[in-house]
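A.B. asks: Below is my_file-v9.json; it holds JSON, C-alpha atoms and all ligand atoms.
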```json
[["chain", "number", "residue", "atom", "x", "y", "z"],
["W", 1175, "MET", "CA", -9.40, 10.00, 1.69],
["W", 1176, "ALA", "CA", -6.85, 12.77, 2.15],
["W", 1177, "LEU", "CA", -4.35, 13.62, 4.89],
["W", 1178, "GLY", "CA", -5.43, 16.55, 7.08],
["W", 1179, "GLU", "CA", -3.43, 19.20, 8.93],
["W", 1180, "PRO", "CA", -0.80, 19.04, 10.23],
["W", 1181, "LEU", "CA", 0.63, 17.51, 7.07],
["W", 1182, "PRO", "CA", 3.79, 15.41, 7.51],
["W", 1183, "GLY", "CA", 7.09, 17.18, 6.91],
["W", 1184, "LEU", "CA", 9.98, 15.88, 4.81],
["W", 1185, "GLY", "CA", 11.74, 14.29, 7.82],
["W", 1186, "GLU", "CA", 8.63, 12.38, 8.83],
["W", 1187, "LEU", "CA", 8.05, 11.18, 5.25],
["W", 1188, "LEU", "CA", 11.64, 9.96, 4.90],
["W", 1189, "GLU", "CA", 11.33, 8.17, 8.25],
["W", 1190, "SER", "CA", 8.14, 6.42, 7.16],
["W", 1191, "ILE", "CA", 9.74, 5.32, 3.86],
["W", 1192, "GLY", "CA", 12.74, 4.01, 5.84],
["W", 1193, "ALA", "CA", 10.50, 2.12, 8.28],
["W", 1194, "GLY", "CA", 8.63, 0.53, 5.35],
["W", 1195, "GLY", "CA", 11.90, -0.53, 3.71],
["W", 1196, "THR", "CA", 13.21, -2.05, 6.94],
["W", 1197, "ARG", "CA", 9.98, -3.97, 7.52],
["W", 1198, "LEU", "CA", 9.99, -5.41, 3.97],
["W", 1199, "ALA", "CA", 13.59, -6.53, 4.42],
["W", 1200, "THR", "CA", 12.67, -8.15, 7.75],
["W", 1201, "ILE", "CA", 9.96, -10.29, 6.12],
["W", 1202, "ASP", "CA", 12.37, -11.32, 3.31],
["W", 1203, "ALA", "CA", 10.40, -9.41, 0.69],
["W", 1204, "ALA", "CA", 13.31, -7.26, -0.51],
["W", 1205, "GLU", "CA", 16.36, -9.36, -1.35],
["W", 1206, "GLY", "CA", 19.33, -7.45, -2.82],
["W", 1207, "ALA", "CA", 17.99, -4.41, -4.63],
["W", 1208, "ALA", "CA", 14.50, -5.89, -5.09],
["W", 1209, "GLY", "CA", 11.51, -3.69, -4.30],
["W", 1210, "ASN", "CA", 10.84, 0.03, -4.58],
["W", 1211, "VAL", "CA", 8.82, 2.69, -2.81],
["W", 1212, "SER", "CA", 7.29, 6.04, -3.72],
["W", 1213, "VAL", "CA", 5.04, 8.63, -2.11],
["W", 1214, "CYS", "CA", 3.07, 11.27, -4.00],
["W", 1215, "LEU", "CA", 2.29, 14.57, -2.25],
["W", 1216, "GLY", "CA", -0.36, 17.04, -3.32],
["W", 1217, "TRP", "CA", 1.09, 19.94, -1.32],
["W", 1218, "PRO", "CA", 4.30, 21.90, -1.87],
["W", 1219, "ILE", "CA", 7.25, 20.82, 0.24],
["W", 1220, "GLU", "CA", 10.73, 22.31, 0.65],
["W", 1221, "VAL", "CA", 13.33, 19.69, -0.31],
["W", 1222, "ARG", "CA", 16.33, 21.74, -1.45],
["W", 1223, "ARG", "CA", 18.22, 21.64, 1.84],
["W", 1224, "ARG", "CA", 18.56, 17.84, 1.75],
["W", 1225, "PHE", "CA", 18.20, 17.35, -2.03],
["W", 1226, "PRO", "CA", 20.00, 20.43, -3.45],
["W", 1227, "ASN", "CA", 20.88, 19.20, -6.98],
["W", 1228, "ALA", "CA", 18.26, 19.83, -9.67],
["W", 1229, "GLU", "CA", 18.06, 18.36, -13.17],
["W", 1230, "PRO", "CA", 15.26, 18.31, -15.74],
["W", 1231, "ILE", "CA", 13.75, 14.89, -16.52],
["W", 1232, "GLU", "CA", 10.92, 13.64, -18.67],
["W", 1233, "LEU", "CA", 8.34, 11.34, -17.07],
["W", 1234, "PRO", "CA", 8.17, 7.79, -18.54],
["W", 1235, "VAL", "CA", 4.37, 8.10, -18.80],
["W", 1236, "PRO", "CA", 2.35, 11.33, -18.83],
["W", 1237, "ALA", "CA", 0.84, 12.13, -15.43],
["W", 1238, "PRO", "CA", -1.64, 14.92, -16.20],
["W", 1239, "HIS", "CA", -3.35, 14.73, -12.80],
["W", 1240, "LEU", "CA", -0.06, 15.10, -10.94],
["W", 1241, "ALA", "CA", 0.82, 18.57, -12.27],
["W", 1242, "GLY", "CA", 2.51, 20.43, -9.41],
["W", 1243, "HIS", "CA", 2.75, 17.26, -7.28],
["W", 1244, "THR", "CA", 5.92, 15.98, -5.63],
["W", 1245, "VAL", "CA", 6.92, 12.31, -5.77],
["W", 1246, "ILE", "CA", 9.65, 10.90, -3.51],
["W", 1247, "VAL", "CA", 10.93, 7.66, -5.08],
["W", 1248, "THR", "CA", 13.72, 5.09, -4.69],
["W", 1249, "GLY", "CA", 16.70, 5.06, -7.03],
["W", 1250, "SER", "CA", 17.42, 2.10, -9.32],
["W", 1251, "GLY", "CA", 19.58, -0.61, -7.77],
["W", 1252, "ARG", "CA", 19.22, 0.72, -4.22],
["W", 1253, "ARG", "CA", 18.41, -1.55, -1.27],
["W", 1254, "LEU", "CA", 15.19, -1.07, 0.71],
["W", 1255, "ARG", "CA", 17.06, -2.09, 3.87],
["W", 1256, "ASP", "CA", 19.35, 0.97, 3.47],
["W", 1257, "LEU", "CA", 16.55, 3.56, 3.23],
["W", 1258, "ALA", "CA", 16.24, 4.16, 6.96],
["W", 1259, "ALA", "CA", 19.94, 4.76, 7.59],
["W", 1260, "ASN", "CA", 20.56, 6.95, 4.55],
["W", 1261, "PRO", "CA", 17.37, 8.14, 2.84],
["W", 1262, "VAL", "CA", 18.83, 11.01, 0.84],
["W", 1263, "ALA", "CA", 21.48, 8.84, -0.88],
["W", 1264, "ASN", "CA", 18.85, 6.32, -2.01],
["W", 1265, "LEU", "CA", 15.85, 8.54, -2.89],
["W", 1266, "GLY", "CA", 15.11, 11.19, -5.48],
["W", 1267, "VAL", "CA", 12.43, 13.88, -5.31],
["W", 1268, "VAL", "CA", 10.50, 14.57, -8.51],
["W", 1269, "VAL", "CA", 8.52, 17.80, -8.82],
["W", 1270, "ILE", "CA", 6.13, 17.50, -11.75],
["W", 1271, "ALA", "CA", 5.60, 20.50, -14.03],
["W", 1272, "ALA", "CA", 2.24, 21.96, -15.06],
["W", 1273, "ASP", "CA", 2.18, 19.94, -18.31],
["W", 1274, "GLY", "CA", 2.33, 16.60, -16.42],
["W", 1275, "VAL", "CA", 5.20, 15.42, -18.66],
["W", 1276, "GLU", "CA", 8.26, 17.46, -17.72],
["W", 1277, "ALA", "CA", 9.66, 17.38, -14.21],
["W", 1278, "THR", "CA", 12.60, 18.37, -12.03],
["W", 1279, "LEU", "CA", 14.55, 15.67, -10.20],
["W", 1280, "TRP", "CA", 16.09, 16.85, -6.93],
["W", 1281, "THR", "CA", 18.88, 14.73, -5.47],
["W", 1282, "SER", "CA", 21.50, 14.80, -2.75],
["W", 1283, "PRO", "CA", 25.27, 15.19, -3.42],
["W", 1284, "SER", "CA", 25.57, 11.74, -1.75],
["W", 1285, "ARG", "CA", 23.23, 10.20, -4.38],
["W", 1286, "LEU", "CA", 24.03, 6.52, -5.04],
["W", 1287, "PHE", "CA", 21.96, 5.89, -8.20],
["W", 1288, "GLU", "CA", 21.89, 7.01, -11.80],
["W", 1289, "ARG", "CA", 18.26, 6.44, -12.72],
["W", 1290, "LEU", "CA", 15.06, 6.17, -10.73],
["W", 1291, "THR", "CA", 13.60, 2.70, -10.05],
["W", 1292, "SER", "CA", 12.92, 0.53, -13.10],
["W", 1293, "GLU", "CA", 9.28, 0.32, -11.93],
["W", 1294, "TRP", "CA", 8.98, 4.13, -11.97],
["W", 1295, "ASN", "CA", 6.38, 3.99, -14.77],
["W", 1296, "SER", "CA", 4.12, 1.70, -12.70],
["W", 1297, "HIS", "CA", 4.42, 3.89, -9.60],
["W", 1298, "LEU", "CA", 3.65, 7.04, -11.55],
["W", 1299, "ALA", "CA", 0.68, 5.56, -13.41],
["W", 1300, "VAL", "CA", -0.93, 4.30, -10.17],
["W", 1301, "HIS", "CA", -0.43, 7.68, -8.46],
["W", 1302, "ASP", "CA", -1.91, 9.52, -11.45],
["W", 1303, "ASP", "CA", -4.92, 7.20, -11.69],
["W", 1304, "THR", "CA", -5.66, 7.30, -7.95],
["W", 1305, "VAL", "CA", -5.32, 11.09, -7.67],
["W", 1306, "ALA", "CA", -7.60, 11.47, -10.71],
["W", 1307, "ARG", "CA", -10.23, 9.14, -9.24],
["W", 1308, "THR", "CA", -10.15, 10.11, -5.57],
["W", 1309, "GLY", "CA", -8.50, 13.53, -5.34],
["W", 1310, "THR", "CA", -6.31, 12.33, -2.47],
["W", 1311, "ASN", "CA", -3.43, 14.62, -1.44],
["W", 1312, "PHE", "CA", -1.26, 11.66, -0.36],
["W", 1313, "HIS", "CA", -0.57, 8.30, -1.93],
["W", 1314, "ALA", "CA", 2.07, 5.67, -1.17],
["W", 1315, "VAL", "CA", 3.00, 2.85, -3.57],
["W", 1316, "VAL", "CA", 5.25, -0.08, -2.63],
["W", 1317, "HIS", "CA", 6.61, -2.91, -4.77],
["W", 1318, "ALA", "CA", 8.11, -5.92, -2.98],
["W", 1319, "GLN", "CA", 8.80, -9.59, -3.59],
["W", 1320, "PRO", "CA", 7.30, -11.59, -0.69],
["W", 1321, "PRO", "CA", 8.24, -15.25, -1.25],
["W", 1322, "HIS", "CA", 5.01, -17.06, -0.31],
["W", 1323, "LEU", "CA", 2.67, -14.86, -2.37],
["W", 1324, "THR", "CA", 5.10, -15.09, -5.26],
["W", 1325, "TYR", "CA", 5.53, -18.85, -4.92],
["W", 1326, "LEU", "CA", 1.75, -19.43, -5.06],
["W", 1327, "SER", "CA", 1.59, -17.44, -8.31],
["W", 1328, "HIS", "CA", 3.96, -20.03, -9.82],
["W", 1329, "VAL", "CA", 1.26, -22.68, -9.30],
["W", 1330, "PRO", "CA", -1.07, -22.32, -12.33],
["W", 1331, "ALA", "CA", -4.34, -22.77, -10.37],
["W", 1332, "TYR", "CA", -3.47, -19.80, -8.13],
["W", 1333, "ARG", "CA", -3.23, -17.43, -11.08],
["W", 1334, "ASP", "CA", -7.03, -17.47, -11.13],
["W", 1335, "GLU", "CA", -7.92, -14.45, -8.99],
["W", 1336, "ALA", "CA", -11.08, -15.93, -7.41],
["W", 1337, "TYR", "CA", -9.26, -19.17, -6.52],
["W", 1338, "PHE", "CA", -6.23, -17.30, -5.16],
["W", 1339, "ASN", "CA", -8.44, -15.20, -2.87],
["W", 1340, "SER", "CA", -10.54, -18.15, -1.68],
["W", 1341, "ARG", "CA", -7.34, -19.95, -0.62],
["W", 1342, "VAL", "CA", -5.19, -17.12, 0.77],
["W", 1343, "MET", "CA", -7.89, -15.11, 2.58],
["W", 1344, "ARG", "CA", -9.01, -18.09, 4.70],
["W", 1345, "TRP", "CA", -6.32, -18.36, 7.38],
["W", 1346, "GLU", "CA", -6.64, -15.36, 9.71],
["W", 1347, "PRO", "CA", -9.79, -13.46, 10.78],
["W", 1348, "GLU", "CA", -8.17, -10.07, 10.16],
["W", 1349, "THR", "CA", -7.34, -10.78, 6.51],
["W", 1350, "ILE", "CA", -10.87, -9.94, 5.29],
["W", 1351, "VAL", "CA", -10.99, -6.92, 7.63],
["W", 1352, "GLN", "CA", -7.64, -5.55, 6.42],
["W", 1353, "LEU", "CA", -8.08, -6.51, 2.75],
["W", 1354, "PRO", "CA", -11.85, -6.22, 2.16],
["W", 1355, "ALA", "CA", -11.36, -5.92, -1.61],
["W", 1356, "GLY", "CA", -9.13, -8.98, -1.63],
["W", 1357, "ILE", "CA", -5.92, -9.39, -3.60],
["W", 1358, "GLY", "CA", -5.62, -8.71, -7.33],
["W", 1359, "VAL", "CA", -3.75, -11.27, -9.43],
["W", 1360, "LEU", "CA", -2.07, -10.43, -12.75],
["W", 1361, "PRO", "CA", -0.43, -12.95, -15.09],
["W", 1362, "PHE", "CA", 3.32, -12.81, -15.62],
["W", 1363, "MET", "CA", 4.30, -9.66, -17.47],
["W", 1364, "LEU", "CA", 7.72, -8.27, -18.31],
["W", 1365, "PRO", "CA", 9.06, -6.22, -15.35],
["W", 1366, "GLY", "CA", 9.04, -2.49, -16.06],
["W", 1367, "SER", "CA", 6.94, -2.90, -19.24],
["W", 1368, "MET", "CA", 4.04, -0.68, -20.29],
["W", 1369, "THR", "CA", 1.81, -3.80, -20.45],
["W", 1370, "LEU", "CA", 2.45, -4.48, -16.76],
["W", 1371, "GLY", "CA", 2.06, -0.77, -15.97],
["W", 1372, "GLU", "CA", -1.39, -0.59, -17.56],
["W", 1373, "ALA", "CA", -2.72, -3.89, -16.18],
["W", 1374, "ASN", "CA", -1.41, -2.89, -12.75],
["W", 1375, "VAL", "CA", -3.32, 0.42, -12.78],
["W", 1376, "GLU", "CA", -6.51, -1.41, -13.69],
["W", 1377, "SER", "CA", -6.04, -4.04, -10.96],
["W", 1378, "LEU", "CA", -5.12, -1.49, -8.25],
["W", 1379, "ARG", "CA", -8.32, 0.44, -9.00],
["W", 1380, "GLY", "CA", -10.28, -2.39, -7.40],
["W", 1381, "HIS", "CA", -7.68, -3.64, -4.92],
["W", 1382, "ARG", "CA", -5.14, -2.19, -2.49],
["W", 1383, "ILE", "CA", -2.66, -4.96, -3.30],
["W", 1384, "THR", "CA", -2.00, -6.87, -6.50],
["W", 1385, "VAL", "CA", 0.19, -9.88, -7.21],
["W", 1386, "TRP", "CA", 2.44, -9.70, -10.26],
["W", 1387, "SER", "CA", 2.66, -13.43, -10.99],
["W", 1388, "LYS", "CA", 6.12, -15.00, -10.77],
["W", 1389, "HIS", "CA", 7.53, -11.66, -9.59],
["W", 1390, "GLY", "CA", 6.03, -9.96, -6.52],
["W", 1391, "VAL", "CA", 3.34, -7.51, -5.45],
["W", 1392, "MET", "CA", 2.41, -3.85, -5.57],
["W", 1393, "ALA", "CA", 0.42, -2.27, -2.72],
["W", 1394, "ARG", "CA", -0.91, 1.23, -2.18],
["W", 1395, "SER", "CA", -2.27, 3.40, 0.63],
["W", 1396, "ASP", "CA", -3.65, 6.90, 0.95],
["W", 1397, "VAL", "CA", -2.54, 7.02, 4.59],
["W", 1398, "SER", "CA", 1.13, 5.99, 4.82],
["W", 1399, "VAL", "CA", 3.96, 3.85, 3.45],
["W", 1400, "THR", "CA", 3.73, 1.64, 6.52],
["W", 1401, "ARG", "CA", 0.02, 1.06, 5.88],
["W", 1402, "ALA", "CA", 0.82, -0.13, 2.33],
["W", 1403, "VAL", "CA", 3.51, -2.40, 3.80],
["W", 1404, "ASP", "CA", 0.97, -3.73, 6.34],
["W", 1405, "ARG", "CA", -1.20, -4.84, 3.41],
["W", 1406, "ILE", "CA", 1.74, -6.77, 1.99],
["W", 1407, "GLU", "CA", 2.32, -8.38, 5.40],
["W", 1408, "TYR", "CA", -1.33, -9.44, 5.80],
["W", 1409, "ALA", "CA", -1.42, -10.92, 2.30],
["W", 1410, "GLU", "CA", 1.96, -12.62, 2.77],
["W", 1411, "ALA", "CA", 0.83, -14.10, 6.11],
["W", 1412, "GLY", "CA", -2.19, -15.65, 4.35],
["W", 1413, "ALA", "CA", 0.05, -16.99, 1.57],
["W", 1414, "ARG", "CA", 2.48, -18.42, 4.13],
["W", 1415, "TYR", "CA", -0.36, -20.37, 5.80],
["W", 1416, "GLU", "CA", -1.54, -21.55, 2.40],
["W", 1417, "TYR", "CA", 1.98, -22.70, 1.51],
["W", 1418, "MET", "CA", 2.30, -24.49, 4.87],
["W", 1419, "ASP", "CA", -1.00, -26.21, 4.21],
["W", 1420, "LEU", "CA", 0.09, -27.31, 0.73],
["W", 1421, "VAL", "CA", 3.30, -28.74, 2.19],
["W", 1422, "ALA", "CA", 1.38, -30.41, 5.03],
["W", 1423, "GLY", "CA", -0.91, -32.15, 2.54],
["W", 1424, "GLY", "CA", -3.93, -29.86, 2.86],
["W", 1425, "ARG", "CA", -4.87, -30.84, 6.42],
["W", 1426, "GLY", "CA", -5.91, -27.36, 7.54],
["W", 1427, "GLU", "CA", -9.59, -26.47, 7.57],
["W", 1428, "GLY", "CA", -9.21, -22.73, 7.11],
["W", 1429, "ILE", "CA", -11.90, -20.22, 8.07],
["W", 1430, "THR", "CA", -15.10, -21.38, 6.37],
["W", 1431, "VAL", "CA", -17.29, -19.14, 4.21],
["W", 1432, "GLU", "CA", -19.89, -19.08, 7.02],
["W", 1433, "GLU", "CA", -17.24, -18.12, 9.57],
["W", 1434, "THR", "CA", -15.96, -15.39, 7.25],
["W", 1435, "ARG", "CA", -19.52, -14.08, 6.88],
["W", 1436, "SER", "CA", -19.84, -13.83, 10.65],
["W", 1437, "ILE", "CA", -16.61, -11.77, 10.80],
["W", 1438, "VAL", "CA", -17.82, -9.52, 7.97],
["W", 1439, "GLU", "CA", -21.10, -8.95, 9.80],
["W", 1440, "ALA", "CA", -19.58, -8.37, 13.24],
["W", 1441, "PHE", "CA", -16.95, -5.90, 11.98],
["W", 1442, "GLY", "CA", -19.16, -4.19, 9.39],
["W", 1443, "VAL", "CA", -16.74, -5.04, 6.57],
["W", 1444, "GLU", "CA", -17.81, -3.91, 3.09],
["W", 1445, "THR", "CA", -16.78, -6.72, 0.80],
["W", 1446, "THR", "CA", -18.02, -8.62, -2.23],
["W", 1447, "LEU", "CA", -15.75, -11.60, -1.53],
["W", 1448, "VAL", "CA", -18.27, -13.59, 0.55],
["U", 1501, "ZN", "ZN", 10.50, -6.51, -8.71]]
```
Translate the structure described by the file into structure tokens.

C.D. replies:
Amino acid sequence: MALGEPLPGLGELLESIGAGGTRLATIDAAEGAAGNVSVCLGWPIEVRRRFPNAEPIELPVPAPHLAGHTVIVTGSGRRLRDLAANPVANLGVVVIAADGVEATLWTSPSRLFERLTSEWNSHLAVHDDTVARTGTNFHAVVHAQPPHLTYLSHVPAYRDEAYFNSRVMRWEPETIVQLPAGIGVLPFMLPGSMTLGEANVESLRGHRITVWSKHGVMARSDVSVTRAVDRIEYAEAGARYEYMDLVAGGRGEGITVEETRSIVEAFGVETTLV
């Protein structure tokens, strides 16, 4: 999928990033400076009025399919809850050169960070892989730390992807509709590492949201930041029910496989989960 005309302008994009940050803070998925957001644009956009300072940077991983693309991304140590009120102080704009390795970072004089997010390599790798595979002109990536999804990944049985999905997807009818490919589950990996970056790309090829065990999630959307955040909310709602059920001694029935099949049929959902 790709965004059609009229393409969103810089103001609209910053607003959407801010709304996503606020929502993640509201659901307790972005404590302190946890979480980060980026959007990758396949069309040229004028950013110099709000981000006038330019400096050359080298990308942490090569992004050959993003030559000429623009990526708006959160700065390291910045709070997602502050993005709406002051986007330019908390975000940088990276314009990637033709070689897919060099880039220019545009920032505001009110910039409040030194480096870009510590998960910058993961964001970049997922953008590059998705643009290469789908040719989309827009891609949003969000990392957050929703407590119920993360808690479940601390329970060894839930680190099995099939088991995790069978338990978390069973509480609300819309979960299978909104997350037809289910939720990816990765083992614990060092935050910011290349190992996590590579496994994350692989998992987000098949899913729109992936759990980083004992850490958080990454979600993506080719429509908007808020759509990626919606995916986190749907998955977190399922995990919250599952947690409640664990605490209540497993008394809930959950939506049965037959009931899920009836939803899949009625709504024409393409899924391999049931
Ligand atoms: Zn994190």

A.B. asks: Please identify all polymer residues within 8 Å of Val1300 (chain W), counting only C-alpha atoms, omitting same-chain residues fewer than 5 positions from it, and present them as a VMD selection string.

C.D. replies: chain W and resid 1315 1374 to 1375 1378

A.B. asks: Could you tell me how far CA of Trp1217 (chain W) lies from CA of Gly1251 (chain W), in Å and to one decimal?

C.D. replies: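 CA of Gly1251 (chain W) lies 28.4 Å from CA of Trp1217 (chain W).
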
A.B. asks: Point out the residue among W:Gly1206, W:Pro1230, W:Gly1266, W:Gly1216 with the least atom-to-atom distance to Thr1310 (chain W), counting all atoms listed in the file.

C.D. replies: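 So, comparing all the options, the nearest one is W:Gly1216.
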
A.B. asks: Go through W:Ser1395, W:Thr1308, W:Ser1296, W:Ser1327 one by one, measure the shortest atom-to-atom distance of each to Arg1382 (chain W) using all atoms listed in the file, and give the residue with the smallest value.

C.D. replies: W:Ser1395

A.B. asks: Tell me which residues come within 8 Å of (4.5, 9.4, -10.2), as a PyMOL selection string, counting all atoms listed in the file in the file's coordinates.

C.D. replies: chain W and resi 1212+1214+1237+1240+1245+1294-1295+1297-1302

A.B. asks: Would you kindly return, as a PyMOL selection string, each protein, DNA or RNA residue with an atom no farther than 7 Å from any atom of Lys1388 (chain W), considering all atoms listed in the file and excluding same-chain residues fewer than 6 positions away?

C.D. replies: chain W and resi 1324+1327-1328+1362

A.B. asks: Those residues with C-alpha atoms, as a tab-separated table (two decimals), keeping the file's coordinate frame please?

C.D. replies:
```tsv
chain	number	residue	atom	x	y	z
W	1324	THR	CA	5.10	-15.09	-5.26
W	1327	SER	CA	1.59	-17.44	-8.31
W	1328	HIS	CA	3.96	-20.03	-9.82
W	1362	PHE	CA	3.32	-12.81	-15.62
```

A.B. asks: Could you please extract the residues within 9 Å of ligand ZN 1501 (chain U), counting all atoms listed in the file, and hand them back as a ChimeraX atom specification?

C.D. replies: /W:1204,1207-1210,1292-1293,1317-1319,1365-1366,1386,1389-1391

A.B. asks: Which residues are close to Ala1193 (chain W), i.e. within 9 Å by all atoms listed in the file, leaving aside same-chain residues fewer than 3 positions away? Reply as a list of chain:residue names.

C.D. replies: W:Leu1188, W:Glu1189, W:Ser1190, W:Thr1196, W:Arg1197, W:Leu1198, W:Arg1255, W:Leu1257, W:Ala1258, W:Val1399, W:Thr1400

A.B. asks: With 4 Å on each side, where is the centre of the axis-aligned box around all listed atoms of region 1283-1299 of chain W, and how long are its edges in Å to one decimal, as AutoDock Vina command-line options?

C.D. replies:
```
--center_x 13.1 --center_y 7.8 --center_z -8.3 --size_x 32.9 --size_y 22.9 --size_z 21.0
```

A.B. asks: Residues at most 10 Å from Pro1261 (chain W), counting all atoms listed in the file, excluding those fewer than 6 positions away in the same chain, as an MDAnalysis selection string?

C.D. replies: chainID W and resid 1185 1188:1189 1191:1192 1224 1248 1254 1282 1285

A.B. asks: Have a look at W:Thr1446, W:Glu1220, W:Ser1387, W:Ala1199 and name the one nearest to Val1329 (chain W); count all atoms listed in the file.

C.D. replies: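 Closest to Val1329 (chain W) of all the choices is W:Ser1387.
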
A.B. asks: Grab the CA of Leu1360 (chain W) to CA of Ile1429 (chain W) distance for me, in Å with one decimal place.

C.D. replies: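 For CA of Leu1360 (chain W) relative to CA of Ile1429 (chain W), the distance reads 25.0 Å.
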
A.B. asks: For a quick check of understanding, using all atoms listed in the file, which of W:Arg1401, W:Arg1379, W:Arg1344, W:His1239 has the smallest distance to Val1448 (chain W)?

C.D. replies: W:Arg1344

A.B. asks: Mind pulling up the distance from CA of Glu1372 (chain W) to CA of Asp1303 (chain W)?

C.D. replies: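 Result for CA of Asp1303 (chain W) versus CA of Glu1372 (chain W): 10.4 Å, one decimal.
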
A.B. asks: Taking only C-alpha atoms into account, name the residue in W:Asn1311, W:Thr1200, W:Ser1284, W:Asn1260 that is nearest to His1243 (chain W).

C.D. replies: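 So, comparing all the options, the nearest one is W:Asn1311.
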
A.B. asks: Nearest residue to Gly1380 (chain W) out of W:Ala1422, W:Ala1355, W:Ile1270, W:Val1431, using only C-alpha atoms?

C.D. replies: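 The answer is W:Ala1355, which sits nearest to Gly1380 (chain W).
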
A.B. asks: Need to verify the contact set: Glu1410 (chain W), 10 Å, only C-alpha atoms, exclusion of same-chain residues closer than 3 positions in sequence. Can you return it as a list of chain:residue names?

C.D. replies: W:Ile1201, W:Ala1203, W:Gln1319, W:Pro1320, W:Pro1321, W:His1322, W:Leu1323, W:Thr1324, W:Val1342, W:Val1391, W:Asp1404, W:Arg1405, W:Ile1406, W:Glu1407, W:Ala1413, W:Arg1414, W:Tyr1415, W:Glu1416
